[in-house]
There are 2 protein chains.
Amino acid sequence: MRALHADTGYLLYRLGLRSGQLFNTFLQESGLRLRHYAVLRYLATCEGALQRELGARLGYDPSAIVGLVDDLEKLGFAERRPAPDDRRSRVVVLTEDGRAFLRDTDQAGQRVTDELLTPLAPAERETLHTLLVRVAGNGLA
Amino acid sequence: MRALHADTGYLLYRLGLRSGQLFNTFLQESGLRLRHYAVLRYLATCEGALQRELGARLGYDPSAIVGLVDDLEKLGFAERRPAPDDRRSRVVVLTEDGRAFLRDTDQAGQRVTDELLTPLAPAERETLHTLLVRVAGNGLA
DNA sequence: CGCAATAATTGGTGTCGTCAACAGTTGTTG
DNA sequence: CAACAACTGTTGACGACACCAATTATTGCG
């Protein structure tokens with residue numbers, strides 16, 4: 001019987017935990033957590049998103065999005081605006097402070113992944129990335 | 001600004017969550033969870049381990065090991081025995097029922113990883129596995 | 001108009017990672 | 001050899017998180 005920690009799926013599980021811990025310690029000083037950071041980075045790419053869109057694209061439960069956006073609003077990094085065509089929806093947009101935060105922490109964020117992938121050469125990192133994207137598939141990740 | 005969910009580290013985090021969920025749904029009917037299964041599989045490789053060793057090798061807090069071994073003992077899959085040379089320690093060993101459980105669920109366990117890695121060809125899975133082992137490094141995973 | 005469907009929100013439940021504290025035991029050192 | 005530091009298993013607490021059910025306001029459809 002091979003040990004479970006030699007299984008690819010279990011390796012993914014364990015490395016995922018480690019990766020999340022690294023991100024969270026990096027974000028610790030800013031008062032945010034990985035989930036907030038994911039929302040911010042996503043907002044930076046689309047210039048406004050509905051909350052259900054955030055949940056679907058980032059893989060979080062809609063009820064989780066509520067608290068995340070609440071926190072981001074308290075910090076002044078994002079704000080809810082009424083959707084123009086649907087009064088049920090709210091459009092979450094990045095504020096200038098939020099954009100500045102992303103600029104300031106950009107390099108530090110990249111260092112997190114760099115640290116995680118230290119044992120790998122650049123070409124290998126590229127290979128790993130494409131493989132992971134394939135595994136993530138359409139279901140996103 | 002690239003979206004965070006296009007980052008390798010974040011992909012690992014997300015796929016790790018998905019992998020853990022797959023394992024847990026597979027184990028759901030047996031009443032165990034991924035953590036128990038990891039302990040069982042580890043015990044199958046070493047024929048007896050101290051609890052602190054389990055914690056260190058599997059990456060779980062020592063306090064978590066207590067409950068895990070409790071559950072495994074209740075199910076009759078493992079049992080604690082006094083360590084011969086140190087009365088502080090307990091040696092956790094697999095019972096015959098535990099070994100039978102691993103035998104019976106072996107194929108199903110492999111299907112979990114197979115399902116996760118569906119988009120990848122066998123050679124690619126091998127590549128991914130070796131890369132993940134490299135990333136895991138000595139810190140284990 | 002009536003009704004199903006949807007967006008955001010609230011609340012509850014179970015799991016989990018982390019840390020602090022404690023008793024029993026071991027080993028070390030003055 | 002006696003005091004003290006270190007270690008093992010254990011308990012407890014706290015926060016974070018995934019998951020699900022229910023509620024309110026709103027939209028779209030038959």
# chains A, B, ... in the order shown; residues from 1 in each chain; ligands from 1
$ closest_atom_pairs --of "chain B" --to "chain A" --cutoff "6 Å" --atoms "only C-alpha atoms" --output "CSV"
residue,atom,partner,partner_atom,distance
B:Ala3,CA,A:Arg41,CA,5.2
B:Leu4,CA,A:Arg41,CA,5.5
B:Thr8,CA,A:His129,CA,5.5
B:Gly9,CA,A:Thr113,CA,5.1
B:Leu12,CA,A:Gly16,CA,4.8
B:Tyr13,CA,A:Gly16,CA,3.8
B:Arg14,CA,A:Ala141,CA,5.2
B:Gly16,CA,A:Tyr13,CA,3.8
B:Ser19,CA,A:Tyr13,CA,5.8
B:Gly20,CA,A:Tyr13,CA,5.7
B:Ala38,CA,A:Leu4,CA,5.8
B:Arg41,CA,A:Ala3,CA,5.4
B:Tyr42,CA,A:Ala3,CA,5.4
B:Thr113,CA,A:Gly9,CA,5.1
B:Leu117,CA,A:Val135,CA,5.9
B:Pro119,CA,A:Val135,CA,5.8
B:His129,CA,A:Thr8,CA,5.5
B:Val135,CA,A:Pro119,CA,5.8
B:Ala141,CA,A:Arg14,CA,5.1
$ residues_around --residues "Glu47 in chain B" --least-positions-apart "6" --cutoff "9 Å" --atoms "only C-alpha atoms (C1' of nucleotides)" --output "PDB file with C-alpha atoms, in the first residue's frame"
ATOM      1  CA  VAL B  92      -0.732   3.653  17.054  1.00  0.00           C
ATOM      2  CA  VAL B  93      -1.040   0.491  15.001  1.00  0.00           C
ATOM      3  CA  LEU B  94      -3.402  -0.646  12.295  1.00  0.00           C
TER       4      LEU B  94
END
$ closest_atom_pairs --of "chain B" --to "chain C" --cutoff "12 Å" --atoms "only C-alpha atoms (C1' of nucleotides)" --output "CSV"
residue,atom,partner,partner_atom,distance
B:Gln21,CA,C:DT15,C1',11.8
B:Asn24,CA,C:DT15,C1',11.3
B:Arg33,CA,C:DT15,C1',9.9
B:Leu34,CA,C:DT15,C1',11.3
B:Arg35,CA,C:DC16,C1',10.3
B:Gly59,CA,C:DG17,C1',10.6
B:Tyr60,CA,C:DG17,C1',8.6
B:Asp61,CA,C:DG17,C1',8.0
B:Pro62,CA,C:DT18,C1',11.1
B:Ser63,CA,C:DT18,C1',10.1
B:Ala64,CA,C:DC16,C1',9.3
B:Asp85,CA,C:DT26,C1',10.4
B:Asp86,CA,C:DT26,C1',7.9
B:Arg87,CA,C:DT25,C1',6.6
B:Arg88,CA,C:DT25,C1',5.5
B:Ser89,CA,C:DT25,C1',9.1
$ atom_distance --atom1 "CA of Ala83 in chain B" --atom2 "CA of Glu96 in chain B"
19.9 Å
$ atom_distance --atom1 "CA of Phe26 in chain A" --atom2 "CA of Glu53 in chain A"
26.2 Å
$ closest_residue --among "B:Gln51, B:Thr25, B:Ser30, B:Thr95" --to "chain D" --atoms "only C-alpha atoms (C1' of nucleotides)"
B:Gln51
$ decode --residues "chain D" --atoms "C-alpha atoms (C1' of nucleotides)" --output "PDB file, in the first residue's frame"
ATOM      1  C1'  DC D   1      20.217  13.502  43.558  1.00  0.00           C
ATOM      2  C1'  DA D   2      17.286  17.129  43.314  1.00  0.00           C
ATOM      3  C1'  DA D   3      15.635  20.992  40.661  1.00  0.00           C
ATOM      4  C1'  DC D   4      14.592  22.290  36.233  1.00  0.00           C
ATOM      5  C1'  DA D   5      13.857  22.213  31.217  1.00  0.00           C
ATOM      6  C1'  DA D   6      11.902  19.603  27.406  1.00  0.00           C
ATOM      7  C1'  DC D   7       8.644  16.507  25.502  1.00  0.00           C
ATOM      8  C1'  DT D   8       3.973  13.552  24.751  1.00  0.00           C
ATOM      9  C1'  DG D   9      -0.550  13.277  24.718  1.00  0.00           C
ATOM     10  C1'  DT D  10      -4.706  15.695  25.889  1.00  0.00           C
ATOM     11  C1'  DT D  11      -8.303  19.237  26.533  1.00  0.00           C
ATOM     12  C1'  DG D  12     -10.275  23.530  25.557  1.00  0.00           C
ATOM     13  C1'  DA D  13     -11.142  27.746  23.181  1.00  0.00           C
ATOM     14  C1'  DC D  14     -11.277  30.837  19.117  1.00  0.00           C
ATOM     15  C1'  DG D  15     -11.534  32.231  14.399  1.00  0.00           C
ATOM     16  C1'  DA D  16     -11.967  30.942   9.606  1.00  0.00           C
ATOM     17  C1'  DC D  17     -14.386  28.561   6.285  1.00  0.00           C
ATOM     18  C1'  DA D  18     -17.488  25.417   3.288  1.00  0.00           C
ATOM     19  C1'  DC D  19     -22.178  24.227   3.039  1.00  0.00           C
ATOM     20  C1'  DC D  20     -27.022  24.562   3.237  1.00  0.00           C
ATOM     21  C1'  DA D  21     -31.756  26.528   4.360  1.00  0.00           C
ATOM     22  C1'  DA D  22     -34.611  30.420   4.622  1.00  0.00           C
ATOM     23  C1'  DT D  23     -35.959  35.366   3.800  1.00  0.00           C
ATOM     24  C1'  DT D  24     -36.607  39.730   1.318  1.00  0.00           C
ATOM     25  C1'  DA D  25     -36.729  42.439  -2.702  1.00  0.00           C
ATOM     26  C1'  DT D  26     -36.977  42.322  -7.493  1.00  0.00           C
ATOM     27  C1'  DT D  27     -37.413  40.546 -12.187  1.00  0.00           C
ATOM     28  C1'  DG D  28     -39.286  37.940 -15.970  1.00  0.00           C
ATOM     29  C1'  DC D  29     -42.652  34.832 -17.772  1.00  0.00           C
ATOM     30  C1'  DG D  30     -46.963  32.375 -18.658  1.00  0.00           C
TER      31       DG D  30
END
